[in-house]
Every structure is written in C-alpha cells, then in structure tokens.
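Next comes start09.cif, with mmCIF, C-alpha atoms.
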```cif
data_data
#
loop_
_atom_site.label_atom_id
_atom_site.label_comp_id
_atom_site.auth_asym_id
_atom_site.auth_seq_id
_atom_site.Cartn_x
_atom_site.Cartn_y
_atom_site.Cartn_z
CA MET N 1 225.87 208.14 155.35
CA SER N 2 223.48 210.00 153.04
CA VAL N 3 220.57 207.67 153.89
CA PRO N 4 220.34 208.72 157.58
CA LEU N 5 220.62 212.33 156.47
CA LEU N 6 217.79 211.79 154.00
CA PHE N 7 215.69 210.11 156.69
CA SER N 8 216.30 213.02 159.04
CA GLN N 9 215.29 215.43 156.32
CA VAL N 10 212.04 213.52 155.87
CA GLN N 11 211.43 213.70 159.60
CA GLU N 12 212.11 217.45 159.56
CA ARG N 13 209.60 217.91 156.71
CA LYS N 14 206.95 215.99 158.65
CA THR N 15 207.58 218.12 161.72
CA GLU N 16 207.46 221.30 159.63
CA ALA N 17 204.16 220.20 158.06
CA ARG N 18 202.66 219.57 161.49
CA THR N 19 203.58 223.09 162.55
CA ARG N 20 202.65 224.87 159.30
CA ILE N 21 199.05 223.71 159.13
CA PRO N 22 198.26 224.97 162.64
CA SER N 23 200.13 228.21 161.93
CA LEU N 24 198.13 228.71 158.74
CA LEU N 25 194.91 228.03 160.60
CA SER N 26 195.99 230.38 163.40
CA MET N 27 196.64 233.11 160.86
CA VAL N 28 193.15 232.72 159.42
CA LEU N 29 191.57 232.71 162.88
CA LEU N 30 193.47 235.85 163.87
CA MET N 31 192.44 237.55 160.66
CA SER N 32 188.81 236.68 161.30
CA MET N 33 188.91 237.83 164.94
CA PHE N 34 190.22 241.28 164.09
CA TRP N 35 188.26 241.76 160.91
CA ASP N 36 185.74 244.56 161.29
CA PRO N 37 183.26 244.69 158.40
CA ALA N 38 182.64 248.40 159.03
CA LEU N 39 186.29 249.16 158.30
CA VAL N 40 186.53 247.08 155.14
CA THR N 41 186.56 248.89 151.81
CA ALA N 42 185.48 247.28 148.56
CA SER N 43 189.00 246.11 147.67
CA GLU N 44 189.97 244.72 151.06
CA PRO N 45 188.02 241.42 150.92
CA GLN N 46 189.92 240.61 147.75
CA ASP N 47 193.15 241.56 149.51
CA VAL N 48 192.38 239.24 152.44
CA SER N 49 191.53 236.32 150.18
CA ARG N 50 194.53 237.04 147.96
CA HIS N 51 196.84 237.13 150.98
CA LEU N 52 195.61 233.72 152.16
CA TYR N 53 195.80 232.28 148.64
CA ASP N 54 199.37 233.53 148.21
CA ARG N 55 200.38 232.14 151.61
CA VAL N 56 199.02 228.71 150.71
CA MET N 57 200.80 228.83 147.34
CA VAL N 58 204.07 229.24 149.25
CA GLU N 59 203.34 225.94 151.01
CA PHE N 60 202.68 224.26 147.66
CA LYS N 61 205.84 225.64 146.06
CA GLN N 62 207.85 224.40 149.04
CA GLY N 63 206.52 220.91 148.40
CA ASP N 64 204.38 220.72 151.53
CA TYR N 65 201.36 219.29 149.74
CA GLU N 66 199.44 218.25 152.86
CA ALA N 67 199.63 221.79 154.28
CA ALA N 68 198.77 223.29 150.90
CA LEU N 69 195.83 220.91 150.55
CA ALA N 70 194.52 221.97 153.95
CA GLY N 71 195.10 225.62 153.10
CA PHE N 72 193.34 225.56 149.74
CA THR N 73 190.44 223.63 151.27
CA LEU N 74 190.21 226.27 153.98
CA PHE N 75 190.43 229.00 151.34
CA ILE N 76 187.43 227.60 149.49
CA GLY N 77 185.52 227.26 152.75
CA LEU N 78 186.14 230.92 153.57
CA HIS N 79 186.13 232.46 150.09
CA ARG N 80 183.86 230.29 147.95
CA LYS N 81 182.73 233.32 145.89
CA SER N 82 186.27 234.63 145.34
CA PRO N 83 187.59 234.87 141.78
CA LEU N 84 190.45 232.70 143.09
CA ALA N 85 188.17 229.83 144.21
CA ALA N 86 188.48 227.97 140.88
CA ASN N 87 192.26 228.32 141.05
CA ALA N 88 192.26 227.02 144.62
CA GLN N 89 190.18 224.02 143.49
CA TYR N 90 192.70 223.36 140.72
CA TRP N 91 195.58 223.43 143.22
CA ILE N 92 193.70 221.02 145.49
CA GLY N 93 193.78 218.64 142.53
CA GLU N 94 197.50 219.25 142.08
CA CYS N 95 198.12 218.51 145.76
CA GLU N 96 196.15 215.27 145.54
CA TYR N 97 198.06 214.36 142.38
CA LYS N 98 201.43 215.03 144.01
CA LEU N 99 200.35 212.87 146.96
CA GLY N 100 199.44 210.01 144.59
CA ARG N 101 195.71 210.23 145.22
CA TYR N 102 194.61 210.10 141.61
CA LYS N 103 190.87 209.52 142.16
CA LYS N 104 190.66 212.48 144.53
CA ALA N 105 192.71 214.55 142.09
CA LEU N 106 190.30 213.60 139.31
CA ASN N 107 187.34 214.78 141.42
CA SER N 108 189.12 218.02 142.30
CA PHE N 109 190.02 218.86 138.72
CA SER N 110 186.47 218.01 137.66
CA ASN N 111 185.08 220.58 140.12
CA VAL N 112 187.14 223.55 138.91
CA SER N 113 184.47 224.74 136.48
CA SER N 114 181.79 224.65 139.20
CA TYR N 115 183.45 227.73 140.71
CA ASN N 116 184.03 229.56 137.44
CA ALA N 117 183.21 228.07 134.04
CA LEU N 118 185.53 230.61 132.40
CA SER N 119 188.39 230.06 134.83
CA PRO N 120 191.92 230.55 133.53
CA LYS N 121 192.52 227.05 134.93
CA ALA N 122 189.78 225.46 132.79
CA ALA N 123 192.12 224.22 130.06
CA ALA N 124 194.72 222.98 132.53
CA SER N 125 192.11 221.17 134.61
CA ALA N 126 190.62 219.56 131.49
CA PHE N 127 194.05 218.25 130.54
CA LYS N 128 194.68 217.04 134.10
CA ILE N 129 191.38 215.13 134.06
CA GLY N 130 192.65 213.21 131.05
CA GLN N 131 195.98 212.68 132.76
CA MET N 132 194.25 211.29 135.88
CA TYR N 133 192.20 208.87 133.78
CA SER N 134 195.42 207.72 132.18
CA MET N 135 197.12 207.33 135.57
CA LEU N 136 194.16 205.23 136.70
CA GLY N 137 194.47 203.04 133.60
CA ASP N 138 191.23 204.20 131.98
CA TYR N 139 192.77 204.97 128.59
CA TYR N 140 189.43 205.17 126.82
CA ARG N 141 188.19 208.05 128.99
CA ALA N 142 191.63 209.62 128.94
CA ARG N 143 191.60 209.63 125.14
CA LEU N 144 188.09 211.14 125.05
CA THR N 145 189.15 213.84 127.49
CA PHE N 146 192.30 214.68 125.55
CA ASP N 147 190.21 214.91 122.38
CA GLU N 148 187.92 217.39 124.18
CA VAL N 149 190.97 219.44 125.16
CA LEU N 150 191.95 219.57 121.48
CA ASP N 151 188.40 220.61 120.52
CA HIS N 152 187.90 223.27 123.21
CA TYR N 153 191.44 224.67 123.58
CA PRO N 154 193.10 224.04 120.18
CA GLY N 155 195.60 226.90 120.42
CA GLY N 156 196.64 226.42 124.04
CA VAL N 157 199.64 224.77 125.59
CA GLU N 158 197.33 222.03 126.84
CA ALA N 159 196.48 221.05 123.24
CA GLY N 160 200.12 220.23 122.58
CA LEU N 161 200.30 218.25 125.80
CA ALA N 162 197.07 216.44 124.87
CA ARG N 163 198.53 215.45 121.48
CA LYS N 164 201.59 213.96 123.18
CA ALA N 165 199.39 212.17 125.71
CA ILE N 166 197.27 210.71 122.91
CA GLN N 167 200.42 209.40 121.23
CA SER N 168 201.52 207.85 124.49
CA ILE N 169 198.13 206.19 124.96
CA SER N 170 198.29 204.89 121.38
CA LEU N 171 201.69 203.37 122.04
CA LYS N 172 200.40 201.69 125.19
CA SER N 173 197.36 200.36 123.35
CA ASP N 174 199.47 199.11 120.44
CA SER N 175 201.91 197.28 122.72
CA LYS N 176 199.05 195.57 124.57
CA SER N 177 197.37 194.46 121.34
CA GLN N 178 200.70 193.25 119.91
CA ARG N 179 201.34 191.15 123.02
CA PHE N 180 197.84 189.71 122.65
CA VAL N 181 198.40 188.95 118.96
CA LYS N 182 201.79 187.35 119.71
CA ASN N 183 200.19 185.10 122.31
CA ILE N 184 197.61 183.96 119.77
CA ASP N 185 200.20 183.46 116.99
CA THR N 186 202.50 181.31 119.14
CA THR N 187 199.86 178.64 119.66
CA HIS N 188 199.85 177.68 115.97
#
```
Represent the supplied structure as structure tokens.
Amino acid sequence: MSVPLLFSQVQERKTEARTRIPSLLSMVLLMSMFWDPALVTASEPQDVSRHLYDRVMVEFKQGDYEAALAGFTLFIGLHRKSPLAANAQYWIGECEYKLGRYKKALNSFSNVSSYNALSPKAAASAFKIGQMYSMLGDYYRARLTFDEVLDHYPGGVEAGLARKAIQSISLKSDSKSQRFVKNIDTTH
C-alpha cells in the first residue's frame, strides 16, 4: 500500500517541478519588465539579486534540484557580477551532484573561483572537486585534490573532511592491491 503512495508522491514532485520552473522564470520576467533603472538606488540591485538567489535556495532546500539548477543558472545569467555568483555556481554543482551527474558537478565546482577567487565557497568547492573525482573512480586526482585542500585550508572544516576522504581512498586502494596480491599468491 505504501508503494502506490510513494509513486504518487513522485508524480506530484514531478508535476510541482514542472510548475515551479515556469513560475520562477515568470517571476524574473515580471521583475525585469517593471524594473526602472532611474528608480533604482545603489542597494536595490543587490536586493533584487538576493531575492532571486533566496527564492532559488528555497527550491534547493525543498529537494527540487532540477528547478534549483535552472534557477541558479538563470541567476548567473542575470547577475554574473553579483557577489553571490560564486555561491550560485557552487549550488549548481550541488544540484548536479544530487542528480547523480558527477562530471557536470565537477565542472561546476571547478568554475566557482572564476566568479570570485576569494569566495566563501572556495574551500567547499575544492573539497567537492576531490569528492567528484572519487565518485568518478579517479582516486589519484581525488587524493591530489584532498591534499590541496589540506594545504590551502588547513584549519577549515573541509580539511577534516579531506583527511577522512584520504583515509577512505587509502582503504579502497589497499583492498584492491590486496585482492591483486591474493590472486598472484594463489597461483603458486
């Protein structure tokens, strides 16, 4: 009985996603139609971009990663010079990650610093790059990236996560080499 309910919930989520993306786009179009540059003060452009960013974050927090992906992509298209652009790029990577698109997530996380080299998301995106390499099975690059996280952000939360990830990679590497050694030893 719970399976049909679960299926119906999935269908509802798909329907909601189809309606949220157009509503988000409609909101942006309405904002742009009624926006009068002569009436805008210095703080209002930030307010407009912040409002859109916050609205898209709601989509992400609700688990609607497709809508959030579209929203953050739109945000960057409209507000490329915003201080929030690097954050939006980071969240694009998170959306791609949540959707299981690890190569696209890797590219997104790699582009965070192109918007702001000193972004508050720099350490997190560096760690996520290593995580994406690991998810893609490229443990060598993952290890190098985690080592860079330790070098560049030694006191951050990401450094602790990188240490754990390195241990995990070491365990995976050890188990593969042990299986290889066992296969060789059993022939003699």
Within 7 Å of stretch 49-61 of chain N using only C-alpha atoms, minus same-chain residues under 3 positions, as a PDB file with C-alpha atoms, in the coordinates of the input:
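That gives us part27.pdb:
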```
ATOM      1  CA  PRO N  45     188.020 241.420 150.920  1.00  0.00           C
ATOM      2  CA  GLN N  46     189.920 240.610 147.750  1.00  0.00           C
ATOM      3  CA  ASP N  64     204.380 220.720 151.530  1.00  0.00           C
ATOM      4  CA  TYR N  65     201.360 219.290 149.740  1.00  0.00           C
ATOM      5  CA  ALA N  67     199.630 221.790 154.280  1.00  0.00           C
ATOM      6  CA  ALA N  68     198.770 223.290 150.900  1.00  0.00           C
ATOM      7  CA  GLY N  71     195.100 225.620 153.100  1.00  0.00           C
ATOM      8  CA  PHE N  72     193.340 225.560 149.740  1.00  0.00           C
ATOM      9  CA  PHE N  75     190.430 229.000 151.340  1.00  0.00           C
ATOM     10  CA  HIS N  79     186.130 232.460 150.090  1.00  0.00           C
TER      11      HIS N  79
END
```
Pairwise distance for atom CA of N:Lys128 and atom CA of N:Asn116, rounded to one decimal in Å: 16.8 Å
Would you kindly translate the PyMOL selection byres ((chain N and resi 96) around 12) into the concrete residues it picks from this file, as an mmCIF file with C-alpha atoms, in the coordinates of the input?
```cif
data_model
loop_
_atom_site.group_PDB
_atom_site.id
_atom_site.type_symbol
_atom_site.label_atom_id
_atom_site.label_comp_id
_atom_site.auth_asym_id
_atom_site.auth_seq_id
_atom_site.Cartn_x
_atom_site.Cartn_y
_atom_site.Cartn_z
ATOM 1 C CA PHE N 60 202.680 224.260 147.660
ATOM 2 C CA ASP N 64 204.380 220.720 151.530
ATOM 3 C CA TYR N 65 201.360 219.290 149.740
ATOM 4 C CA GLU N 66 199.440 218.250 152.860
ATOM 5 C CA ALA N 67 199.630 221.790 154.280
ATOM 6 C CA ALA N 68 198.770 223.290 150.900
ATOM 7 C CA LEU N 69 195.830 220.910 150.550
ATOM 8 C CA ALA N 70 194.520 221.970 153.950
ATOM 9 C CA PHE N 72 193.340 225.560 149.740
ATOM 10 C CA THR N 73 190.440 223.630 151.270
ATOM 11 C CA GLN N 89 190.180 224.020 143.490
ATOM 12 C CA TYR N 90 192.700 223.360 140.720
ATOM 13 C CA TRP N 91 195.580 223.430 143.220
ATOM 14 C CA ILE N 92 193.700 221.020 145.490
ATOM 15 C CA GLY N 93 193.780 218.640 142.530
ATOM 16 C CA GLU N 94 197.500 219.250 142.080
ATOM 17 C CA CYS N 95 198.120 218.510 145.760
ATOM 18 C CA TYR N 97 198.060 214.360 142.380
ATOM 19 C CA LYS N 98 201.430 215.030 144.010
ATOM 20 C CA LEU N 99 200.350 212.870 146.960
ATOM 21 C CA GLY N 100 199.440 210.010 144.590
ATOM 22 C CA ARG N 101 195.710 210.230 145.220
ATOM 23 C CA TYR N 102 194.610 210.100 141.610
ATOM 24 C CA LYS N 103 190.870 209.520 142.160
ATOM 25 C CA LYS N 104 190.660 212.480 144.530
ATOM 26 C CA ALA N 105 192.710 214.550 142.090
ATOM 27 C CA LEU N 106 190.300 213.600 139.310
ATOM 28 C CA ASN N 107 187.340 214.780 141.420
ATOM 29 C CA SER N 108 189.120 218.020 142.300
ATOM 30 C CA PHE N 109 190.020 218.860 138.720
ATOM 31 C CA LYS N 128 194.680 217.040 134.100
ATOM 32 C CA MET N 132 194.250 211.290 135.880
#
```
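In terms of minimum interatomic distance to N:Leu84, N:Ser119 ranks closest within N:Ser170, N:Ser134, N:Ser119, N:Thr145, counting only C-alpha atoms.
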What gap, in Å, lies between atom CA of N:Val157 and atom CA of N:Gly63?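 These atoms are spaced 24.1 Å apart.
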Could you please determine the separation between atom CA of N:Ile129 and atom CA of N:Ser113 in Å, to one decimal place?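 If I compute the distance from atom CA of N:Ile129 to atom CA of N:Ser113, I get 12.1 Å.
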Report, as lines of an AutoDock Vina configuration file, the axis-aligned box around all atoms of stretch 91-100 of chain N present in the file, extended by 4 Å on each side; give centre and edge lengths in Å to one decimal place.
```
center_x = 197.6
center_y = 216.7
center_z = 144.5
size_x = 15.7
size_y = 21.4
size_z = 12.9
```
What would stretch 99-134 of chain N look like with N, CA and C atoms restored, written as a CSV table (one decimal), in the coordinates of the input?
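The resulting file, selection.csv, is shown below:
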```csv
chain,number,residue,atom,x,y,z
N,99,LEU,N,200.4,213.8,145.9
N,99,LEU,CA,200.4,212.9,147.0
N,99,LEU,C,200.0,211.5,146.5
N,100,GLY,N,199.8,211.3,145.2
N,100,GLY,CA,199.4,210.0,144.6
N,100,GLY,C,198.0,209.6,144.7
N,101,ARG,N,197.1,210.5,145.0
N,101,ARG,CA,195.7,210.2,145.2
N,101,ARG,C,195.0,210.6,143.9
N,102,TYR,N,195.1,209.8,142.9
N,102,TYR,CA,194.6,210.1,141.6
N,102,TYR,C,193.1,210.2,141.5
N,103,LYS,N,192.3,209.4,142.2
N,103,LYS,CA,190.9,209.5,142.2
N,103,LYS,C,190.4,210.8,142.8
N,104,LYS,N,191.0,211.2,143.9
N,104,LYS,CA,190.7,212.5,144.5
N,104,LYS,C,191.1,213.6,143.6
N,105,ALA,N,192.2,213.5,143.0
N,105,ALA,CA,192.7,214.6,142.1
N,105,ALA,C,191.7,214.7,140.9
N,106,LEU,N,191.3,213.6,140.4
N,106,LEU,CA,190.3,213.6,139.3
N,106,LEU,C,189.1,214.4,139.7
N,107,ASN,N,188.5,214.1,140.9
N,107,ASN,CA,187.3,214.8,141.4
N,107,ASN,C,187.6,216.3,141.6
N,108,SER,N,188.8,216.6,142.1
N,108,SER,CA,189.1,218.0,142.3
N,108,SER,C,189.2,218.8,141.0
N,109,PHE,N,189.9,218.2,140.0
N,109,PHE,CA,190.0,218.9,138.7
N,109,PHE,C,188.7,219.0,138.0
N,110,SER,N,187.8,218.0,138.2
N,110,SER,CA,186.5,218.0,137.7
N,110,SER,C,185.6,219.1,138.2
N,111,ASN,N,185.9,219.6,139.5
N,111,ASN,CA,185.1,220.6,140.1
N,111,ASN,C,185.5,222.0,139.9
N,112,VAL,N,186.6,222.2,139.1
N,112,VAL,CA,187.1,223.6,138.9
N,112,VAL,C,186.1,224.4,138.2
N,113,SER,N,185.4,223.9,137.2
N,113,SER,CA,184.5,224.7,136.5
N,113,SER,C,183.2,225.1,137.3
N,114,SER,N,183.0,224.3,138.4
N,114,SER,CA,181.8,224.6,139.2
N,114,SER,C,182.0,226.0,139.9
N,115,TYR,N,183.2,226.4,140.1
N,115,TYR,CA,183.4,227.7,140.7
N,115,TYR,C,183.5,228.9,139.7
N,116,ASN,N,184.0,228.5,138.5
N,116,ASN,CA,184.0,229.6,137.4
N,116,ASN,C,184.2,228.8,136.1
N,117,ALA,N,183.2,228.8,135.3
N,117,ALA,CA,183.2,228.1,134.0
N,117,ALA,C,184.2,228.7,133.1
N,118,LEU,N,184.6,229.9,133.3
N,118,LEU,CA,185.5,230.6,132.4
N,118,LEU,C,186.9,230.8,133.1
N,119,SER,N,187.1,230.0,134.1
N,119,SER,CA,188.4,230.1,134.8
N,119,SER,C,189.6,230.0,133.9
N,120,PRO,N,190.7,230.7,134.3
N,120,PRO,CA,191.9,230.6,133.5
N,120,PRO,C,192.5,229.1,133.7
N,121,LYS,N,192.0,228.4,134.7
N,121,LYS,CA,192.5,227.0,134.9
N,121,LYS,C,191.7,226.0,134.2
N,122,ALA,N,190.7,226.4,133.4
N,122,ALA,CA,189.8,225.5,132.8
N,122,ALA,C,190.5,224.5,131.8
N,123,ALA,N,191.4,225.1,131.0
N,123,ALA,CA,192.1,224.2,130.1
N,123,ALA,C,193.1,223.3,130.8
N,124,ALA,N,193.8,223.8,131.8
N,124,ALA,CA,194.7,223.0,132.5
N,124,ALA,C,194.0,221.9,133.3
N,125,SER,N,192.8,222.2,133.9
N,125,SER,CA,192.1,221.2,134.6
N,125,SER,C,191.5,220.1,133.7
N,126,ALA,N,191.1,220.5,132.5
N,126,ALA,CA,190.6,219.6,131.5
N,126,ALA,C,191.7,218.6,131.1
N,127,PHE,N,192.9,219.1,130.9
N,127,PHE,CA,194.0,218.2,130.5
N,127,PHE,C,194.4,217.3,131.7
N,128,LYS,N,194.4,217.8,132.9
N,128,LYS,CA,194.7,217.0,134.1
N,128,LYS,C,193.6,215.9,134.3
N,129,ILE,N,192.4,216.2,134.0
N,129,ILE,CA,191.4,215.1,134.1
N,129,ILE,C,191.8,214.0,133.2
N,130,GLY,N,192.2,214.3,131.9
N,130,GLY,CA,192.6,213.2,131.0
N,130,GLY,C,193.9,212.5,131.6
N,131,GLN,N,194.8,213.3,132.2
N,131,GLN,CA,196.0,212.7,132.8
N,131,GLN,C,195.6,211.7,133.9
N,132,MET,N,194.6,212.1,134.7
N,132,MET,CA,194.2,211.3,135.9
N,132,MET,C,193.6,210.0,135.4
N,133,TYR,N,192.8,210.1,134.4
N,133,TYR,CA,192.2,208.9,133.8
N,133,TYR,C,193.3,207.9,133.3
N,134,SER,N,194.3,208.5,132.7
N,134,SER,CA,195.4,207.7,132.2
N,134,SER,C,196.2,207.1,133.3
```
